[in-house]
>>> print(open('model_28.pdb').read())   # PDB, C-alpha atoms
ATOM      1  CA  MET A   1      29.328  32.752 -27.500  1.00  0.00           C
ATOM      2  CA  ALA A   2      25.858  33.737 -28.722  1.00  0.00           C
ATOM      3  CA  ASP A   3      24.816  34.553 -32.256  1.00  0.00           C
ATOM      4  CA  ASN A   4      23.076  37.865 -32.896  1.00  0.00           C
ATOM      5  CA  ARG A   5      19.933  36.010 -34.029  1.00  0.00           C
ATOM      6  CA  GLY A   6      19.425  34.438 -30.587  1.00  0.00           C
ATOM      7  CA  MET A   7      20.788  31.012 -31.520  1.00  0.00           C
ATOM      8  CA  ARG A   8      21.937  28.988 -28.497  1.00  0.00           C
ATOM      9  CA  ILE A   9      25.217  27.092 -28.486  1.00  0.00           C
ATOM     10  CA  ASN A  10      27.164  24.897 -26.042  1.00  0.00           C
ATOM     11  CA  GLU A  11      26.349  25.761 -22.385  1.00  0.00           C
ATOM     12  CA  GLN A  12      23.497  28.086 -23.360  1.00  0.00           C
ATOM     13  CA  ILE A  13      21.349  25.046 -24.199  1.00  0.00           C
ATOM     14  CA  ARG A  14      19.346  24.578 -20.975  1.00  0.00           C
ATOM     15  CA  VAL A  15      17.203  21.494 -21.726  1.00  0.00           C
ATOM     16  CA  ARG A  16      17.904  18.054 -20.298  1.00  0.00           C
ATOM     17  CA  GLU A  17      17.628  16.066 -23.558  1.00  0.00           C
ATOM     18  CA  ILE A  18      18.066  16.945 -27.221  1.00  0.00           C
ATOM     19  CA  ARG A  19      17.728  15.259 -30.591  1.00  0.00           C
ATOM     20  CA  LEU A  20      21.322  15.105 -31.867  1.00  0.00           C
ATOM     21  CA  ILE A  21      22.738  15.270 -35.371  1.00  0.00           C
ATOM     22  CA  ASP A  22      26.507  14.690 -35.447  1.00  0.00           C
ATOM     23  CA  ASP A  23      29.129  16.483 -37.555  1.00  0.00           C
ATOM     24  CA  GLU A  24      28.674  13.979 -40.428  1.00  0.00           C
ATOM     25  CA  GLY A  25      24.900  14.576 -40.597  1.00  0.00           C
ATOM     26  CA  GLN A  26      23.976  11.259 -38.925  1.00  0.00           C
ATOM     27  CA  GLN A  27      20.955  11.117 -36.583  1.00  0.00           C
ATOM     28  CA  LYS A  28      22.084  10.022 -33.118  1.00  0.00           C
ATOM     29  CA  GLY A  29      18.613  10.058 -31.593  1.00  0.00           C
ATOM     30  CA  ILE A  30      17.616  11.578 -28.258  1.00  0.00           C
ATOM     31  CA  VAL A  31      20.719  12.164 -26.132  1.00  0.00           C
ATOM     32  CA  PRO A  32      21.278  13.918 -22.779  1.00  0.00           C
ATOM     33  CA  THR A  33      22.581  17.445 -23.376  1.00  0.00           C
ATOM     34  CA  LEU A  34      25.717  16.942 -21.256  1.00  0.00           C
ATOM     35  CA  GLU A  35      26.671  13.845 -23.258  1.00  0.00           C
ATOM     36  CA  ALA A  36      26.136  15.699 -26.568  1.00  0.00           C
ATOM     37  CA  LEU A  37      28.233  18.604 -25.296  1.00  0.00           C
ATOM     38  CA  LYS A  38      30.996  16.161 -24.327  1.00  0.00           C
ATOM     39  CA  MET A  39      30.900  14.611 -27.829  1.00  0.00           C
ATOM     40  CA  ALA A  40      31.200  18.068 -29.416  1.00  0.00           C
ATOM     41  CA  ARG A  41      34.174  19.009 -27.199  1.00  0.00           C
ATOM     42  CA  GLU A  42      35.965  15.732 -28.085  1.00  0.00           C
ATOM     43  CA  ARG A  43      35.733  16.691 -31.757  1.00  0.00           C
ATOM     44  CA  GLU A  44      36.712  20.325 -30.966  1.00  0.00           C
ATOM     45  CA  LEU A  45      33.388  21.553 -32.356  1.00  0.00           C
ATOM     46  CA  ASP A  46      30.301  23.305 -30.999  1.00  0.00           C
ATOM     47  CA  LEU A  47      26.833  22.064 -30.095  1.00  0.00           C
ATOM     48  CA  VAL A  48      24.359  24.353 -31.883  1.00  0.00           C
ATOM     49  CA  GLU A  49      20.589  24.443 -31.385  1.00  0.00           C
ATOM     50  CA  VAL A  50      19.129  24.476 -34.925  1.00  0.00           C
ATOM     51  CA  SER A  51      15.455  23.910 -34.117  1.00  0.00           C
ATOM     52  CA  PRO A  52      14.596  25.192 -30.621  1.00  0.00           C
ATOM     53  CA  ASN A  53      10.815  24.789 -31.017  1.00  0.00           C
ATOM     54  CA  ALA A  54      10.910  21.043 -31.667  1.00  0.00           C
ATOM     55  CA  ASN A  55      10.204  18.615 -28.857  1.00  0.00           C
ATOM     56  CA  PRO A  56      12.927  17.780 -27.845  1.00  0.00           C
ATOM     57  CA  PRO A  57      15.023  20.595 -29.462  1.00  0.00           C
ATOM     58  CA  VAL A  58      17.229  19.567 -32.394  1.00  0.00           C
ATOM     59  CA  CYS A  59      20.953  20.250 -31.998  1.00  0.00           C
ATOM     60  CA  LYS A  60      23.841  19.754 -34.393  1.00  0.00           C
ATOM     61  CA  ILE A  61      27.543  19.280 -33.806  1.00  0.00           C
ATOM     62  CA  LEU A  62      29.416  21.688 -36.068  1.00  0.00           C
ATOM     63  CA  ASP A  63      32.021  24.444 -36.262  1.00  0.00           C
ATOM     64  CA  PHE A  64      29.945  27.458 -35.223  1.00  0.00           C
ATOM     65  CA  GLY A  65      32.336  30.076 -36.639  1.00  0.00           C
ATOM     66  CA  LYS A  66      32.292  28.374 -40.029  1.00  0.00           C
ATOM     67  CA  TYR A  67      28.497  27.930 -39.863  1.00  0.00           C
ATOM     68  CA  ARG A  68      27.955  31.619 -39.085  1.00  0.00           C
ATOM     69  CA  PHE A  69      30.302  32.628 -41.916  1.00  0.00           C
ATOM     70  CA  GLU A  70      28.350  30.431 -44.382  1.00  0.00           C
ATOM     71  CA  GLN A  71      25.028  31.954 -43.238  1.00  0.00           C
ATOM     72  CA  GLU A  72      26.368  35.507 -43.670  1.00  0.00           C
ATOM     73  CA  LYS A  73      27.792  34.581 -47.085  1.00  0.00           C
ATOM     74  CA  LYS A  74      24.387  33.264 -48.201  1.00  0.00           C
ATOM     75  CA  LEU A  75      22.766  36.488 -46.995  1.00  0.00           C
ATOM     76  CA  ARG A  76      25.318  38.633 -48.873  1.00  0.00           C
ATOM     77  CA  ASP A  77      24.858  36.608 -52.064  1.00  0.00           C
ATOM     78  CA  SER A  78      21.065  36.891 -51.900  1.00  0.00           C
ATOM     79  CA  LYS A  79      21.346  40.675 -51.450  1.00  0.00           C
ATOM     80  CA  LYS A  80      23.764  40.882 -54.380  1.00  0.00           C
ATOM     81  CA  ASN A  81      21.221  39.328 -56.767  1.00  0.00           C
ATOM     82  CA  GLN A  82      18.388  41.652 -55.750  1.00  0.00           C
ATOM     83  CA  LYS A  83      17.387  44.511 -58.020  1.00  0.00           C
ATOM     84  CA  VAL A  84      15.978  47.437 -56.080  1.00  0.00           C
ATOM     85  CA  LEU A  85      13.047  48.760 -58.078  1.00  0.00           C
ATOM     86  CA  LYS A  86      12.888  52.523 -58.087  1.00  0.00           C
ATOM     87  CA  LEU A  87       9.914  54.673 -58.978  1.00  0.00           C
ATOM     88  CA  LYS A  88      11.041  57.911 -60.594  1.00  0.00           C
ATOM     89  CA  GLU A  89       8.643  60.806 -61.066  1.00  0.00           C
ATOM     90  CA  ILE A  90       8.638  63.415 -63.823  1.00  0.00           C
ATOM     91  CA  ARG A  91       6.373  66.425 -63.231  1.00  0.00           C
ATOM     92  CA  MET A  92       4.991  68.760 -65.891  1.00  0.00           C
ATOM     93  CA  GLN A  93       2.266  71.301 -66.509  1.00  0.00           C
ATOM     94  CA  PRO A  94      -0.367  71.115 -69.254  1.00  0.00           C
ATOM     95  CA  LYS A  95       1.048  74.187 -71.033  1.00  0.00           C
ATOM     96  CA  ILE A  96       4.586  72.765 -71.420  1.00  0.00           C
ATOM     97  CA  GLY A  97       6.634  73.893 -74.421  1.00  0.00           C
ATOM     98  CA  ALA A  98       7.880  71.544 -77.150  1.00  0.00           C
ATOM     99  CA  GLY A  99      11.555  71.839 -76.131  1.00  0.00           C
ATOM    100  CA  ASP A 100      10.799  71.175 -72.484  1.00  0.00           C
ATOM    101  CA  LEU A 101       8.608  68.235 -73.474  1.00  0.00           C
ATOM    102  CA  ASP A 102      11.511  66.800 -75.510  1.00  0.00           C
ATOM    103  CA  THR A 103      13.809  67.074 -72.496  1.00  0.00           C
ATOM    104  CA  LYS A 104      11.298  65.492 -70.100  1.00  0.00           C
ATOM    105  CA  ALA A 105      10.571  62.645 -72.552  1.00  0.00           C
ATOM    106  CA  LYS A 106      14.320  62.050 -72.903  1.00  0.00           C
ATOM    107  CA  HIS A 107      14.624  61.769 -69.101  1.00  0.00           C
ATOM    108  CA  VAL A 108      11.693  59.328 -68.997  1.00  0.00           C
ATOM    109  CA  GLN A 109      13.399  57.205 -71.688  1.00  0.00           C
ATOM    110  CA  GLU A 110      16.696  57.213 -69.739  1.00  0.00           C
ATOM    111  CA  PHE A 111      14.950  56.041 -66.565  1.00  0.00           C
ATOM    112  CA  LEU A 112      13.142  53.295 -68.478  1.00  0.00           C
ATOM    113  CA  ASP A 113      16.426  52.173 -70.087  1.00  0.00           C
ATOM    114  CA  GLU A 114      17.953  51.857 -66.606  1.00  0.00           C
ATOM    115  CA  GLY A 115      15.094  49.521 -65.638  1.00  0.00           C
ATOM    116  CA  ASP A 116      13.200  51.922 -63.364  1.00  0.00           C
ATOM    117  CA  LYS A 117       9.471  52.617 -63.234  1.00  0.00           C
ATOM    118  CA  VAL A 118       8.453  56.168 -64.159  1.00  0.00           C
ATOM    119  CA  LYS A 119       5.414  58.088 -62.968  1.00  0.00           C
ATOM    120  CA  VAL A 120       4.642  60.981 -65.323  1.00  0.00           C
ATOM    121  CA  THR A 121       2.577  63.591 -63.468  1.00  0.00           C
ATOM    122  CA  ILE A 122       0.842  66.706 -64.759  1.00  0.00           C
ATOM    123  CA  ARG A 123      -0.106  69.340 -62.201  1.00  0.00           C
ATOM    124  CA  PHE A 124      -3.152  71.504 -62.902  1.00  0.00           C
ATOM    125  CA  ARG A 125      -3.388  74.929 -61.263  1.00  0.00           C
ATOM    126  CA  GLY A 126      -6.454  77.149 -61.020  1.00  0.00           C
ATOM    127  CA  ARG A 127      -8.462  77.323 -64.245  1.00  0.00           C
ATOM    128  CA  GLU A 128      -6.259  74.679 -65.886  1.00  0.00           C
ATOM    129  CA  LEU A 129      -8.493  72.093 -64.173  1.00  0.00           C
ATOM    130  CA  ALA A 130     -11.216  72.930 -66.711  1.00  0.00           C
ATOM    131  CA  HIS A 131      -8.905  71.726 -69.514  1.00  0.00           C
ATOM    132  CA  THR A 132      -7.881  68.223 -68.474  1.00  0.00           C
ATOM    133  CA  ASP A 133      -7.950  67.257 -72.166  1.00  0.00           C
ATOM    134  CA  LEU A 134      -4.692  69.230 -72.529  1.00  0.00           C
ATOM    135  CA  GLY A 135      -3.134  66.972 -69.872  1.00  0.00           C
ATOM    136  CA  PHE A 136      -4.177  63.827 -71.758  1.00  0.00           C
ATOM    137  CA  GLY A 137      -2.655  65.338 -74.887  1.00  0.00           C
ATOM    138  CA  VAL A 138       0.665  65.989 -73.120  1.00  0.00           C
ATOM    139  CA  LEU A 139       0.804  62.419 -71.745  1.00  0.00           C
ATOM    140  CA  LYS A 140       0.039  61.014 -75.231  1.00  0.00           C
ATOM    141  CA  GLU A 141       2.803  63.197 -76.641  1.00  0.00           C
ATOM    142  CA  VAL A 142       5.263  61.843 -74.045  1.00  0.00           C
ATOM    143  CA  GLU A 143       4.291  58.307 -75.094  1.00  0.00           C
ATOM    144  CA  ASN A 144       4.815  59.166 -78.775  1.00  0.00           C
ATOM    145  CA  ARG A 145       8.341  60.454 -78.071  1.00  0.00           C
ATOM    146  CA  LEU A 146       9.431  57.258 -76.292  1.00  0.00           C
ATOM    147  CA  THR A 147      11.071  54.351 -78.089  1.00  0.00           C
ATOM    148  CA  PRO A 148       8.293  51.934 -79.109  1.00  0.00           C
ATOM    149  CA  GLY A 149       8.474  48.602 -77.281  1.00  0.00           C
ATOM    150  CA  SER A 150      10.807  49.866 -74.539  1.00  0.00           C
ATOM    151  CA  TYR A 151       8.008  50.395 -72.019  1.00  0.00           C
ATOM    152  CA  VAL A 152       4.682  49.073 -70.832  1.00  0.00           C
ATOM    153  CA  ILE A 153       1.879  51.208 -69.418  1.00  0.00           C
ATOM    154  CA  GLU A 154       1.282  49.934 -65.886  1.00  0.00           C
ATOM    155  CA  LYS A 155      -1.306  52.549 -64.950  1.00  0.00           C
ATOM    156  CA  ALA A 156      -3.130  54.488 -67.649  1.00  0.00           C
ATOM    157  CA  ALA A 157      -3.555  58.260 -67.451  1.00  0.00           C
ATOM    158  CA  ALA A 158      -6.068  59.199 -64.747  1.00  0.00           C
ATOM    159  CA  MET A 159      -7.016  62.229 -62.685  1.00  0.00           C
ATOM    160  CA  ASP A 160      -6.254  62.285 -58.964  1.00  0.00           C
ATOM    161  CA  GLY A 161      -7.313  65.604 -57.448  1.00  0.00           C
ATOM    162  CA  LYS A 162      -5.285  68.366 -59.102  1.00  0.00           C
ATOM    163  CA  PHE A 163      -2.916  65.841 -60.667  1.00  0.00           C
ATOM    164  CA  MET A 164      -3.118  63.593 -63.705  1.00  0.00           C
ATOM    165  CA  SER A 165      -0.629  60.758 -63.863  1.00  0.00           C
ATOM    166  CA  MET A 166       0.353  57.566 -65.638  1.00  0.00           C
ATOM    167  CA  THR A 167       2.898  54.972 -64.650  1.00  0.00           C
ATOM    168  CA  LEU A 168       5.274  53.357 -67.136  1.00  0.00           C
ATOM    169  CA  GLY A 169       7.312  50.235 -66.518  1.00  0.00           C
ATOM    170  CA  SER A 170      10.433  49.138 -68.316  1.00  0.00           C
ATOM    171  CA  LYS A 171      10.560  46.128 -70.632  1.00  0.00           C
ATOM    172  CA  VAL A 172      14.370  46.335 -70.751  1.00  0.00           C
ATOM    173  CA  LYS A 173      16.292  44.105 -68.321  1.00  0.00           C
ATOM    174  CA  LYS A 174      19.646  45.380 -67.102  1.00  0.00           C
TER     175      LYS A 174
END
>>> encode(input="model_28.pdb", output="structure tokens")
Amino acid sequence: MADNRGMRINEQIRVREIRLIDDEGQQKGIVPTLEALKMARERELDLVEVSPNANPPVCKILDFGKYRFEQEKKLRDSKKNQKVLKLKEIRMQPKIGAGDLDTKAKHVQEFLDEGDKVKVTIRFRGRELAHTDLGFGVLKEVENRLTPGSYVIEKAAAMDGKFMSMTLGSKVKK
């Protein structure tokens, strides 16, 4: 019986002596491995190596199946409480119409309300690069159409090659 994380139990423990902790959590001191294994078998439990790098290695007498279940349960619970942060991107052009701008701003607001980060990007093509002021105007207009106080500007509007972008973060917690 070996755990998938490389933990050694029972006969897999190959050292002569170990530091033993019994099933009640009491320190038993340094004990020969065979004697510790015998003690574990008498209690119908397993001898599990909990700290293999110590000198001598630390082993505990416990129910390995139950121990593994508890570890997996802790892992599941920690994953359950995690919020995966997503970065959504909305792309536009500097000559966007008012109706399209309304729609894009509405999408940005929805993403922010869900707790996601939003990167608003404006793509300049050809001669549009000479009019980056139009891009700043569009980004300001997007900001004006958002609900005040529902977002924070994490990265202000800036040019990056042919693109101008700003990043907005949500203040709303789900």
>>> closest_residue(input="model_28.pdb", among="A:Glu49, A:Asp23, A:Glu143, A:Asp133", to="Val120 of chain A", atoms="all atoms listed in the file")
A:Glu143
>>> resolve_selection(input="model_28.pdb", expression="the PyMOL selection byres ((chain A and resi 111) around 12)", output="PyMOL selection string")
chain A and resi 85-90+104-110+112-120+146+150-151+168-172+174
>>> residues_around(input="model_28.pdb", residues="Ala130 of chain A", least_positions_apart="5", cutoff="12 Å", atoms="only C-alpha atoms", output="list in words")
Pro94, Phe124, Arg125, Gly135 and Lys162 of chain A
>>> atom_distance(input="model_28.pdb", atom1="atom CA of Ser78 of chain A", atom2="atom CA of Gly25 of chain A")
25.3 Å
>>> resolve_selection(input="model_28.pdb", expression="the PyMOL selection byres ((chain A and resi 47) around 9)", output="ChimeraX atom specification")
/A:8-11,13,36-37,39-41,45-46,48-49,59-64
>>> axis_aligned_box(input="model_28.pdb", around="segment 119-130 of chain A", padding_each_side="6 Å", output="lines of an AutoDock Vina configuration file")
center_x = -2.9
center_y = 67.7
center_z = -63.9
size_x = 28.6
size_y = 31.2
size_z = 17.7
>>> atom_distance(input="model_28.pdb", atom1="atom CA of Lys155 of chain A", atom2="atom CA of Lys79 of chain A")
28.9 Å
>>> atom_distance(input="model_28.pdb", atom1="atom CA of Met164 of chain A", atom2="atom CA of Ile122 of chain A")
5.1 Å
>>> resolve_selection(input="model_28.pdb", expression="the PyMOL selection byres ((chain A and resi 139) around 9)", output="PDB file with C-alpha atoms, in the frame of the given file")
ATOM      1  CA  VAL A 120       4.642  60.981 -65.323  1.00  0.00           C
ATOM      2  CA  THR A 121       2.577  63.591 -63.468  1.00  0.00           C
ATOM      3  CA  ILE A 122       0.842  66.706 -64.759  1.00  0.00           C
ATOM      4  CA  LEU A 134      -4.692  69.230 -72.529  1.00  0.00           C
ATOM      5  CA  GLY A 135      -3.134  66.972 -69.872  1.00  0.00           C
ATOM      6  CA  PHE A 136      -4.177  63.827 -71.758  1.00  0.00           C
ATOM      7  CA  GLY A 137      -2.655  65.338 -74.887  1.00  0.00           C
ATOM      8  CA  VAL A 138       0.665  65.989 -73.120  1.00  0.00           C
ATOM      9  CA  LYS A 140       0.039  61.014 -75.231  1.00  0.00           C
ATOM     10  CA  GLU A 141       2.803  63.197 -76.641  1.00  0.00           C
ATOM     11  CA  VAL A 142       5.263  61.843 -74.045  1.00  0.00           C
ATOM     12  CA  GLU A 143       4.291  58.307 -75.094  1.00  0.00           C
ATOM     13  CA  ASN A 144       4.815  59.166 -78.775  1.00  0.00           C
ATOM     14  CA  ALA A 157      -3.555  58.260 -67.451  1.00  0.00           C
ATOM     15  CA  SER A 165      -0.629  60.758 -63.863  1.00  0.00           C
ATOM     16  CA  MET A 166       0.353  57.566 -65.638  1.00  0.00           C
TER      17      MET A 166
END
>>> closest_residue(input="model_28.pdb", among="A:Lys95, A:Thr103, A:Met7, A:Arg123", to="Asp160 of chain A", atoms="only C-alpha atoms")
A:Arg123
>>> closest_residue(input="model_28.pdb", among="A:Thr167, A:Gly126, A:Ala98, A:Met92", to="Arg145 of chain A", atoms="all atoms listed in the file")
A:Ala98
>>> closest_residue(input="model_28.pdb", among="A:Thr132, A:Gln26, A:Gln82, A:Asn53", to="Phe163 of chain A", atoms="all atoms listed in the file")
A:Thr132
>>> decode(input="model_28.pdb", residues="segment 28-94 of chain A", atoms="C-alpha atoms", output="PDB file, in the first residue's frame")
ATOM      1  CA  LYS A  28       7.401   7.001  22.291  1.00  0.00           C
ATOM      2  CA  GLY A  29      10.964   8.025  21.494  1.00  0.00           C
ATOM      3  CA  ILE A  30      13.383   6.213  19.193  1.00  0.00           C
ATOM      4  CA  VAL A  31      12.156   2.663  18.573  1.00  0.00           C
ATOM      5  CA  PRO A  32      13.343  -0.126  16.240  1.00  0.00           C
ATOM      6  CA  THR A  33      11.173  -0.194  13.113  1.00  0.00           C
ATOM      7  CA  LEU A  34      10.170  -3.852  13.554  1.00  0.00           C
ATOM      8  CA  GLU A  35       8.950  -3.172  17.098  1.00  0.00           C
ATOM      9  CA  ALA A  36       6.938  -0.129  15.927  1.00  0.00           C
ATOM     10  CA  LEU A  37       5.430  -2.191  13.112  1.00  0.00           C
ATOM     11  CA  LYS A  38       4.466  -4.889  15.628  1.00  0.00           C
ATOM     12  CA  MET A  39       2.788  -2.261  17.854  1.00  0.00           C
ATOM     13  CA  ALA A  40       0.806  -0.939  14.875  1.00  0.00           C
ATOM     14  CA  ARG A  41      -0.350  -4.447  13.876  1.00  0.00           C
ATOM     15  CA  GLU A  42      -1.495  -5.172  17.466  1.00  0.00           C
ATOM     16  CA  ARG A  43      -3.751  -2.117  17.278  1.00  0.00           C
ATOM     17  CA  GLU A  44      -4.862  -3.040  13.714  1.00  0.00           C
ATOM     18  CA  LEU A  45      -3.441   0.235  12.393  1.00  0.00           C
ATOM     19  CA  ASP A  46      -0.670   1.289  10.016  1.00  0.00           C
ATOM     20  CA  LEU A  47       2.811   2.680  10.588  1.00  0.00           C
ATOM     21  CA  VAL A  48       3.097   5.814   8.429  1.00  0.00           C
ATOM     22  CA  GLU A  49       6.257   7.821   7.757  1.00  0.00           C
ATOM     23  CA  VAL A  50       5.235  11.473   8.283  1.00  0.00           C
ATOM     24  CA  SER A  51       8.659  13.126   8.194  1.00  0.00           C
ATOM     25  CA  PRO A  52      11.125  11.083   6.107  1.00  0.00           C
ATOM     26  CA  ASN A  53      13.869  13.746   6.100  1.00  0.00           C
ATOM     27  CA  ALA A  54      14.270  13.873   9.879  1.00  0.00           C
ATOM     28  CA  ASN A  55      17.062  11.950  11.554  1.00  0.00           C
ATOM     29  CA  PRO A  56      15.783   9.379  12.497  1.00  0.00           C
ATOM     30  CA  PRO A  57      12.558   9.535  10.375  1.00  0.00           C
ATOM     31  CA  VAL A  58       9.344  10.313  12.268  1.00  0.00           C
ATOM     32  CA  CYS A  59       6.578   7.712  11.997  1.00  0.00           C
ATOM     33  CA  LYS A  60       3.043   7.689  13.349  1.00  0.00           C
ATOM     34  CA  ILE A  61       0.678   4.856  14.156  1.00  0.00           C
ATOM     35  CA  LEU A  62      -2.673   5.617  12.535  1.00  0.00           C
ATOM     36  CA  ASP A  63      -5.416   4.350  10.236  1.00  0.00           C
ATOM     37  CA  PHE A  64      -3.900   5.115   6.832  1.00  0.00           C
ATOM     38  CA  GLY A  65      -7.184   4.914   4.896  1.00  0.00           C
ATOM     39  CA  LYS A  66      -8.799   7.410   7.252  1.00  0.00           C
ATOM     40  CA  TYR A  67      -5.696   9.644   7.164  1.00  0.00           C
ATOM     41  CA  ARG A  68      -5.665   9.697   3.356  1.00  0.00           C
ATOM     42  CA  PHE A  69      -9.396  10.478   3.272  1.00  0.00           C
ATOM     43  CA  GLU A  70      -8.882  13.428   5.670  1.00  0.00           C
ATOM     44  CA  GLN A  71      -6.006  14.774   3.531  1.00  0.00           C
ATOM     45  CA  GLU A  72      -8.111  14.557   0.348  1.00  0.00           C
ATOM     46  CA  LYS A  73     -11.042  16.210   2.145  1.00  0.00           C
ATOM     47  CA  LYS A  74      -8.808  19.112   3.221  1.00  0.00           C
ATOM     48  CA  LEU A  75      -7.587  19.478  -0.363  1.00  0.00           C
ATOM     49  CA  ARG A  76     -11.163  19.491  -1.723  1.00  0.00           C
ATOM     50  CA  ASP A  77     -12.266  22.070   0.851  1.00  0.00           C
ATOM     51  CA  SER A  78      -9.334  24.365   0.059  1.00  0.00           C
ATOM     52  CA  LYS A  79     -10.150  24.158  -3.667  1.00  0.00           C
ATOM     53  CA  LYS A  80     -13.811  24.904  -2.945  1.00  0.00           C
ATOM     54  CA  ASN A  81     -12.946  28.220  -1.260  1.00  0.00           C
ATOM     55  CA  GLN A  82     -10.704  29.422  -4.088  1.00  0.00           C
ATOM     56  CA  LYS A  83     -11.967  32.043  -6.510  1.00  0.00           C
ATOM     57  CA  VAL A  84     -10.397  31.685  -9.934  1.00  0.00           C
ATOM     58  CA  LEU A  85      -9.665  35.188 -11.169  1.00  0.00           C
ATOM     59  CA  LYS A  86     -10.418  35.611 -14.835  1.00  0.00           C
ATOM     60  CA  LEU A  87      -9.178  38.358 -17.111  1.00  0.00           C
ATOM     61  CA  LYS A  88     -11.760  39.161 -19.767  1.00  0.00           C
ATOM     62  CA  GLU A  89     -10.880  41.284 -22.779  1.00  0.00           C
ATOM     63  CA  ILE A  90     -13.138  43.629 -24.730  1.00  0.00           C
ATOM     64  CA  ARG A  91     -11.746  44.857 -28.061  1.00  0.00           C
ATOM     65  CA  MET A  92     -12.831  47.976 -29.942  1.00  0.00           C
ATOM     66  CA  GLN A  93     -11.707  50.388 -32.622  1.00  0.00           C
ATOM     67  CA  PRO A  94     -11.304  54.151 -32.200  1.00  0.00           C
TER      68      PRO A  94
END
